[in-house]
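Everything below belongs to my_file-v4.txt, which stores compact mmCIF, C-alpha atoms.
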```txt
# COMPACT_ATOMS: atom_id res chain seq x y z
CA MET A 1 0.00 0.00 0.00
CA SER A 2 1.31 3.44 -0.90
CA GLU A 3 2.29 5.85 1.85
CA PHE A 4 0.79 8.69 -0.19
CA THR A 5 -2.78 10.00 -0.33
CA TYR A 6 -2.46 11.40 -3.87
CA GLU A 7 -4.81 14.22 -2.95
CA LEU A 8 -3.89 17.62 -4.36
CA PRO A 9 -4.38 20.67 -2.12
CA ASP A 10 -7.04 23.19 -3.03
CA ASN A 11 -5.51 25.76 -5.39
CA LYS A 12 -6.85 28.76 -3.49
CA SER A 13 -5.74 27.50 -0.07
CA PHE A 14 -2.34 26.57 -1.46
CA PHE A 15 -1.89 30.03 -3.01
CA ASN A 16 -2.96 31.77 0.21
CA THR A 17 -0.44 29.78 2.22
CA VAL A 18 2.34 30.57 -0.26
CA THR A 19 1.59 34.30 -0.16
CA THR A 20 1.41 34.26 3.64
CA ILE A 21 4.93 32.82 3.80
CA LEU A 22 6.21 35.32 1.24
CA LYS A 23 4.73 38.13 3.30
CA SER A 24 5.80 37.01 6.77
CA ASP A 25 9.01 35.02 6.42
CA PRO A 26 12.05 37.33 6.87
CA LYS A 27 13.89 35.42 4.13
CA TYR A 28 11.41 36.61 1.51
CA ALA A 29 9.56 39.62 2.89
CA GLY A 30 12.35 42.06 2.06
CA TYR A 31 12.37 41.14 -1.63
CA LYS A 32 8.76 42.10 -2.32
CA TYR A 33 7.87 38.71 -3.79
CA TYR A 34 4.54 38.93 -2.02
CA ASN A 35 3.65 42.16 -3.80
CA ILE A 36 4.49 40.60 -7.15
CA VAL A 37 2.16 37.60 -6.81
CA LYS A 38 -0.50 38.80 -4.37
CA GLU A 39 -3.05 39.81 -7.02
CA GLY A 40 -2.73 36.55 -8.92
CA TYR A 41 -3.60 32.91 -8.42
CA CYS A 42 -2.06 29.51 -8.99
CA GLU A 43 -2.99 26.14 -10.43
CA ILE A 44 -1.32 22.87 -9.40
CA SER A 45 -0.78 20.49 -12.31
CA ASP A 46 0.02 16.86 -11.70
CA THR A 47 1.23 14.43 -14.36
CA SER A 48 1.31 10.70 -14.92
CA ASN A 49 5.11 10.70 -14.57
CA PHE A 50 7.10 9.90 -11.47
CA SER A 51 9.31 12.69 -10.14
CA GLY A 52 12.35 10.49 -9.61
CA LYS A 53 12.88 12.32 -6.34
CA ARG A 54 10.88 10.01 -4.06
CA TRP A 55 9.65 6.50 -4.72
CA ASN A 56 6.16 6.60 -6.27
CA ALA A 57 5.87 10.39 -5.93
CA MET A 58 4.48 12.18 -8.99
CA TYR A 59 6.09 14.96 -11.06
CA THR A 60 4.11 18.13 -10.34
CA SER A 61 4.24 21.74 -11.50
CA VAL A 62 2.62 24.89 -10.16
CA ASN A 63 1.49 27.57 -12.59
CA PHE A 64 1.32 31.10 -11.20
CA TYR A 65 -0.68 33.79 -12.98
CA ILE A 66 0.19 37.33 -11.89
CA SER A 67 -1.11 40.72 -12.91
CA GLN A 68 0.01 42.03 -16.27
CA ASN A 69 1.51 45.14 -14.69
CA ALA A 70 3.54 43.06 -12.23
CA TYR A 71 4.70 40.77 -15.04
CA ALA A 72 5.77 43.70 -17.19
CA GLU A 73 7.62 45.38 -14.33
CA HIS A 74 9.44 42.24 -13.18
CA ALA A 75 9.88 40.32 -16.45
CA SER A 76 13.65 40.32 -16.09
CA ASP A 77 13.38 38.90 -12.55
CA ILE A 78 11.24 35.89 -13.51
CA PRO A 79 14.04 33.28 -13.07
CA ALA A 80 14.78 34.48 -9.53
CA ILE A 81 11.08 34.62 -8.67
CA LYS A 82 10.64 31.06 -9.92
CA ASP A 83 13.45 29.86 -7.66
CA VAL A 84 11.84 31.45 -4.61
CA LEU A 85 8.38 30.11 -5.45
CA LEU A 86 9.78 26.62 -5.97
CA LYS A 87 11.28 26.63 -2.47
CA VAL A 88 8.11 27.94 -0.85
CA CYS A 89 5.77 25.64 -2.80
CA ARG A 90 7.81 22.62 -1.73
CA MET A 91 7.43 23.76 1.87
CA VAL A 92 3.66 24.10 1.50
CA MET A 93 2.92 20.85 -0.35
CA PRO A 94 2.06 18.16 2.26
CA PRO A 95 4.79 15.47 2.20
CA ASN A 96 2.23 12.65 2.31
CA ALA A 97 0.33 13.96 -0.72
CA GLY A 98 2.71 12.15 -3.06
CA TYR A 99 3.34 15.13 -5.33
CA ASP A 100 6.87 16.45 -5.74
CA ILE A 101 6.88 19.99 -7.11
CA MET A 102 9.57 20.03 -9.79
CA GLU A 103 8.64 23.03 -11.90
CA ILE A 104 7.26 26.55 -11.49
CA ASN A 105 5.73 28.50 -14.36
CA ILE A 106 4.84 32.19 -14.25
CA SER A 107 2.53 33.81 -16.80
CA PRO A 108 0.67 37.11 -17.08
CA ASN A 109 -3.00 36.90 -16.25
CA LEU A 110 -4.57 37.73 -19.61
CA HIS A 111 -8.14 37.43 -18.37
CA ILE A 112 -8.38 40.30 -15.93
CA GLY A 113 -10.95 42.99 -16.61
CA GLY A 114 -10.12 46.23 -18.34
CA ASN A 115 -11.37 49.77 -17.89
CA SER A 116 -15.08 49.01 -18.29
CA ASP A 117 -15.83 50.78 -14.96
CA VAL A 118 -15.11 54.12 -16.64
CA LEU A 119 -17.76 53.48 -19.27
CA ASN A 120 -20.27 52.35 -16.63
CA GLU A 121 -19.68 55.53 -14.63
CA VAL A 122 -20.34 57.67 -17.71
CA ILE A 123 -23.55 55.78 -18.47
CA GLU A 124 -24.78 56.16 -14.90
CA SER A 125 -23.90 59.85 -14.66
CA VAL A 126 -25.90 61.09 -17.67
CA ASN A 127 -29.36 60.65 -19.07
CA GLN A 128 -29.42 57.27 -20.81
CA THR A 129 -31.36 58.70 -23.75
CA LYS A 130 -28.36 60.86 -24.61
CA LEU A 131 -26.31 57.73 -25.17
CA ASP A 132 -28.62 56.20 -27.77
CA ILE A 133 -26.02 57.03 -30.41
CA LEU A 134 -23.62 54.67 -28.62
CA SER A 135 -24.81 51.19 -29.53
CA ASP A 136 -24.28 48.14 -27.33
CA ASP A 137 -21.98 46.77 -30.03
CA ILE A 138 -19.71 49.82 -29.85
CA LYS A 139 -19.67 49.69 -26.04
CA GLN A 140 -18.68 46.02 -26.10
CA LYS A 141 -15.94 46.63 -28.65
CA GLY A 142 -14.65 49.50 -26.54
CA LYS A 143 -14.34 47.21 -23.52
CA GLU A 144 -12.54 44.58 -25.60
CA MET A 145 -10.09 47.14 -26.96
CA SER A 146 -9.33 48.49 -23.48
CA ASP A 147 -8.40 44.97 -22.36
CA LEU A 148 -6.24 44.48 -25.44
CA TYR A 149 -4.49 47.81 -24.88
CA VAL A 150 -3.54 46.74 -21.35
CA THR A 151 -1.83 43.66 -22.79
CA LEU A 152 0.01 45.74 -25.40
CA TYR A 153 1.07 48.17 -22.67
CA CYS A 154 2.55 45.27 -20.73
CA ILE A 155 4.39 43.88 -23.77
CA GLU A 156 5.92 47.27 -24.56
CA ASN A 157 7.06 47.91 -21.01
CA SER A 158 8.32 44.36 -20.53
CA LEU A 159 10.59 44.94 -23.53
CA ARG A 160 11.57 48.39 -22.30
CA ASN A 161 12.55 47.04 -18.87
CA PHE A 162 14.39 44.14 -20.50
CA ILE A 163 16.44 46.53 -22.68
CA ASP A 164 17.16 48.80 -19.73
CA LYS A 165 18.36 45.98 -17.46
CA THR A 166 20.39 44.25 -20.18
CA LEU A 167 22.25 47.40 -21.15
CA SER A 168 22.67 48.61 -17.57
CA ASP A 169 24.27 45.31 -16.59
CA ILE A 170 26.72 45.48 -19.50
CA LEU A 171 27.43 49.20 -19.94
CA GLY A 172 26.31 50.78 -16.68
CA GLU A 173 23.46 53.12 -15.83
CA ASN A 174 24.54 55.75 -18.40
CA TYR A 175 24.49 53.29 -21.26
CA PHE A 176 22.45 55.30 -23.78
CA SER A 177 25.33 57.53 -24.88
CA GLN A 178 27.34 54.41 -25.75
CA LEU A 179 24.74 52.99 -28.15
CA THR A 180 24.24 53.27 -31.88
CA VAL A 181 21.06 55.33 -32.00
CA PRO A 182 19.39 56.18 -35.36
CA GLY A 183 18.86 59.86 -36.04
CA ASP A 184 15.07 59.65 -36.07
CA ILE A 185 15.08 58.13 -32.59
CA SER A 186 17.38 60.84 -31.21
CA LYS A 187 15.14 63.50 -32.77
CA GLY A 188 12.04 61.89 -31.28
CA ILE A 189 13.59 61.82 -27.81
CA ALA A 190 14.50 65.50 -28.03
CA THR A 191 11.01 66.43 -29.23
CA ARG A 192 9.25 64.53 -26.43
CA LYS A 193 11.49 66.03 -23.78
CA LYS A 194 10.80 69.52 -25.16
CA ASP A 195 7.04 68.89 -25.13
CA GLU A 196 7.30 67.59 -21.58
CA ALA A 197 9.19 70.73 -20.46
CA GLN A 198 6.64 73.04 -22.10
CA ASN A 199 3.58 71.19 -20.82
CA LYS A 200 4.12 70.86 -17.09
CA TRP A 201 0.78 69.08 -16.60
CA LEU A 202 2.06 66.07 -18.53
CA PRO A 203 3.48 63.26 -16.37
CA LEU A 204 7.20 62.60 -16.66
CA ARG A 205 8.02 59.55 -18.78
CA GLY A 206 11.06 58.61 -16.72
CA ASP A 207 14.63 59.46 -15.84
CA LYS A 208 16.27 57.63 -18.78
CA ASP A 209 16.14 58.12 -22.54
CA ILE A 210 14.75 54.60 -22.98
CA TYR A 211 11.43 55.87 -21.60
CA TYR A 212 11.16 58.43 -24.40
CA LEU A 213 11.14 55.84 -27.18
CA ASP A 214 8.00 54.78 -29.03
CA PHE A 215 7.13 51.09 -29.16
CA ILE A 216 8.44 50.71 -32.73
CA ASP A 217 11.70 52.44 -31.71
CA LEU A 218 12.49 49.56 -29.35
CA SER A 219 12.91 47.30 -32.38
CA LYS A 220 15.27 49.78 -34.06
CA LEU A 221 17.35 50.10 -30.91
CA ILE A 222 17.69 46.33 -30.56
CA LEU A 223 18.68 45.85 -34.21
CA ASN A 224 21.21 48.69 -34.20
CA ASN A 225 22.84 47.27 -31.07
CA TRP A 226 22.43 43.59 -31.86
CA GLU A 227 25.65 42.51 -30.14
CA TYR A 228 23.97 43.08 -26.75
CA PHE A 229 20.74 41.25 -27.58
CA LYS A 230 21.58 38.45 -30.01
CA LYS A 231 21.76 35.80 -27.30
CA TYR A 232 18.13 36.42 -26.35
CA PHE A 233 16.45 36.15 -29.76
CA PRO A 234 16.76 33.55 -32.56
CA THR A 235 17.26 36.17 -35.28
CA GLN A 236 16.87 39.91 -35.83
CA SER A 237 13.76 39.36 -37.95
CA TRP A 238 12.19 37.20 -35.23
CA ILE A 239 11.91 40.11 -32.79
CA SER A 240 11.61 42.98 -35.28
CA THR A 241 8.67 41.37 -37.13
CA LYS A 242 6.80 40.77 -33.90
CA ILE A 243 7.27 44.30 -32.63
CA GLU A 244 6.19 45.73 -35.99
CA GLU A 245 3.01 43.63 -36.07
CA LEU A 246 2.20 44.45 -32.44
CA TYR A 247 2.78 48.13 -33.21
CA LYS A 248 0.22 47.96 -36.02
CA VAL A 249 -2.39 46.58 -33.61
CA ARG A 250 -1.48 49.29 -31.10
CA CYS A 251 -2.02 51.95 -33.78
CA LEU A 252 -5.44 50.48 -34.58
CA ILE A 253 -6.54 50.87 -30.98
CA ALA A 254 -4.93 54.31 -30.60
CA HIS A 255 -6.98 55.54 -33.56
CA ASN A 256 -10.21 54.05 -32.17
CA SER A 257 -10.37 51.25 -34.70
CA TYR A 258 -11.35 47.69 -33.88
CA ALA A 259 -8.91 44.79 -33.66
CA GLY A 260 -10.56 41.47 -34.44
CA GLU A 261 -10.07 37.96 -33.09
CA ASP A 262 -7.03 37.33 -35.29
CA GLU A 263 -5.28 40.38 -33.86
CA LYS A 264 -6.22 39.43 -30.28
CA GLU A 265 -4.80 35.94 -30.73
CA LEU A 266 -1.66 37.35 -32.33
CA VAL A 267 -1.08 39.73 -29.40
CA SER A 268 -1.54 36.95 -26.85
CA LEU A 269 0.74 34.56 -28.75
CA TYR A 270 3.50 37.11 -29.30
CA TYR A 271 3.38 38.19 -25.65
CA LYS A 272 4.01 34.62 -24.50
CA GLN A 273 6.74 34.04 -27.08
CA ILE A 274 8.59 37.28 -26.33
CA ILE A 275 8.40 36.80 -22.58
CA LYS A 276 9.83 33.29 -22.85
CA GLN A 277 12.81 34.72 -24.73
CA ILE A 278 13.59 37.60 -22.38
CA ALA A 279 12.73 35.90 -19.08
CA SER A 280 16.30 34.57 -18.81
CA VAL A 281 17.77 38.07 -18.30
```
Will you turn the file into structure tokens for me?
Amino acid sequence: MSEFTYELPDNKSFFNTVTTILKSDPKYAGYKYYNIVKEGYCEISDTSNFSGKRWNAMYTSVNFYISQNAYAEHASDIPAIKDVLLKVCRMVMPPNAGYDIMEINISPNLHIGGNSDVLNEVIESVNQTKLDILSDDIKQKGKEMSDLYVTLYCIENSLRNFIDKTLSDILGENYFSQLTVPGDISKGIATRKKDEAQNKWLPLRGDKDIYYLDFIDLSKLILNNWEYFKKYFPTQSWISTKIEELYKVRCLIAHNSYAGEDEKELVSLYYKQIIKQIASV
């Protein structure tokens, strides 16, 4: 008779216990791991394979889904976060369950709601008859596009943070002056800084030139400084094509056009593919 129960813990209870440890244990509390995962959830996935770690124990993985903003901000820290979560999850999993946690996966939660509350507030604050020109179809499409824009925002800033960390590690904090920067990008940076100085009500983009680049400029910067990025991407065209196609979808939304199911699937697919490539930073 097996010494194991082969009963998986409840996902919600397991996640709550993990976050409690991350929040309270001095080994982890100072590294803000709790804040990174607290708004997410996890799913425990067992397999039909033995772990090879204990006799008759099963190979098990835990999939964490965190907020898109947290994923974008900490994309370059994913390997370290995985290591911490693996240690904590192994502590939480009951030894007699018969499941050895061998793998941790972290993904952005692509199913969180968008900015639909803003639309609802507008509808509630005015006479409904004045909104007859805004059909239910347009309202629904607006909600879908707001969700899609959040994902695009996270992709862009994941790449931005990846570039910043990669170059800072190699060239130091003042890396931008050491790069090959196309003239149109330099001109764009100068223009945006000038606009920012003249319009004090606008929020500051950041304290580095990387924050003054458009989405499409990130591709140009990577290609013109390929020696620093070639180990992260299969080819130049692999990353440049994806950024260009994502930029086209971003422009659709920015100009109040509708992106269909094909575009939504493309954005989701490219997000996962890009993050897998840069998560090793």
At most 9 Å is the cut-off: for each residue in region 136-217 of chain A with any atom that close to an atom of region 63-77 of chain A, write down the nearest atom pair and the distance in Å rounded to one decimal, counting all atoms listed in the file, chain first then increasing number, as a tab-separated table.
```
residue	atom	partner	partner_atom	distance
A:Val150	CA	A:Gln68	CA	7.8
A:Thr151	CA	A:Gln68	CA	7.0
A:Tyr153	CA	A:Ala72	CA	8.5
A:Cys154	CA	A:Ala72	CA	5.0
A:Ile155	CA	A:Ala72	CA	6.7
A:Glu156	CA	A:Ala72	CA	8.2
A:Asn157	CA	A:Ala72	CA	5.8
A:Ser158	CA	A:Ala72	CA	4.3
A:Leu159	CA	A:Ala72	CA	8.1
A:Asn161	CA	A:Glu73	CA	6.9
A:Phe162	CA	A:Ser76	CA	5.9
A:Lys165	CA	A:Ser76	CA	7.5
A:Thr166	CA	A:Ser76	CA	8.8
```
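Distances here use all atoms listed in the file; by that measure, the residue among A:Met91, A:Leu223, A:Ala197, A:Leu179 closest to Asp209 (chain A) is A:Leu179.
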Study note, to complete from the structure: Restricting to all atoms listed in the file, whichever of A:Ile163, A:Ile170, A:Ile278, A:Val92 is closest to Lys231 (chain A) is A:Ile278
Check your understanding: Could you pull the residues within 9 Å of Thr241 (chain A), counting all atoms listed in the file, minus those fewer than 5 positions along the same chain, as a PyMOL selection string?
Key -> chain A and resi 219+236+246
Practice item. Would you mind reading off the distance between CA of Ser51 (chain A) and CA of Ile36 (chain A), one decimal, in Å? Key: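 So the two atoms, CA of Ser51 (chain A) and CA of Ile36 (chain A), lie 28.5 Å apart.
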**Study point:** Atom-to-atom span, CA of Asp184 (chain A) and CA of Tyr258 (chain A), Å
**Key:**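 Value for the CA of Asp184 (chain A)-CA of Tyr258 (chain A) distance: 29.1 Å.
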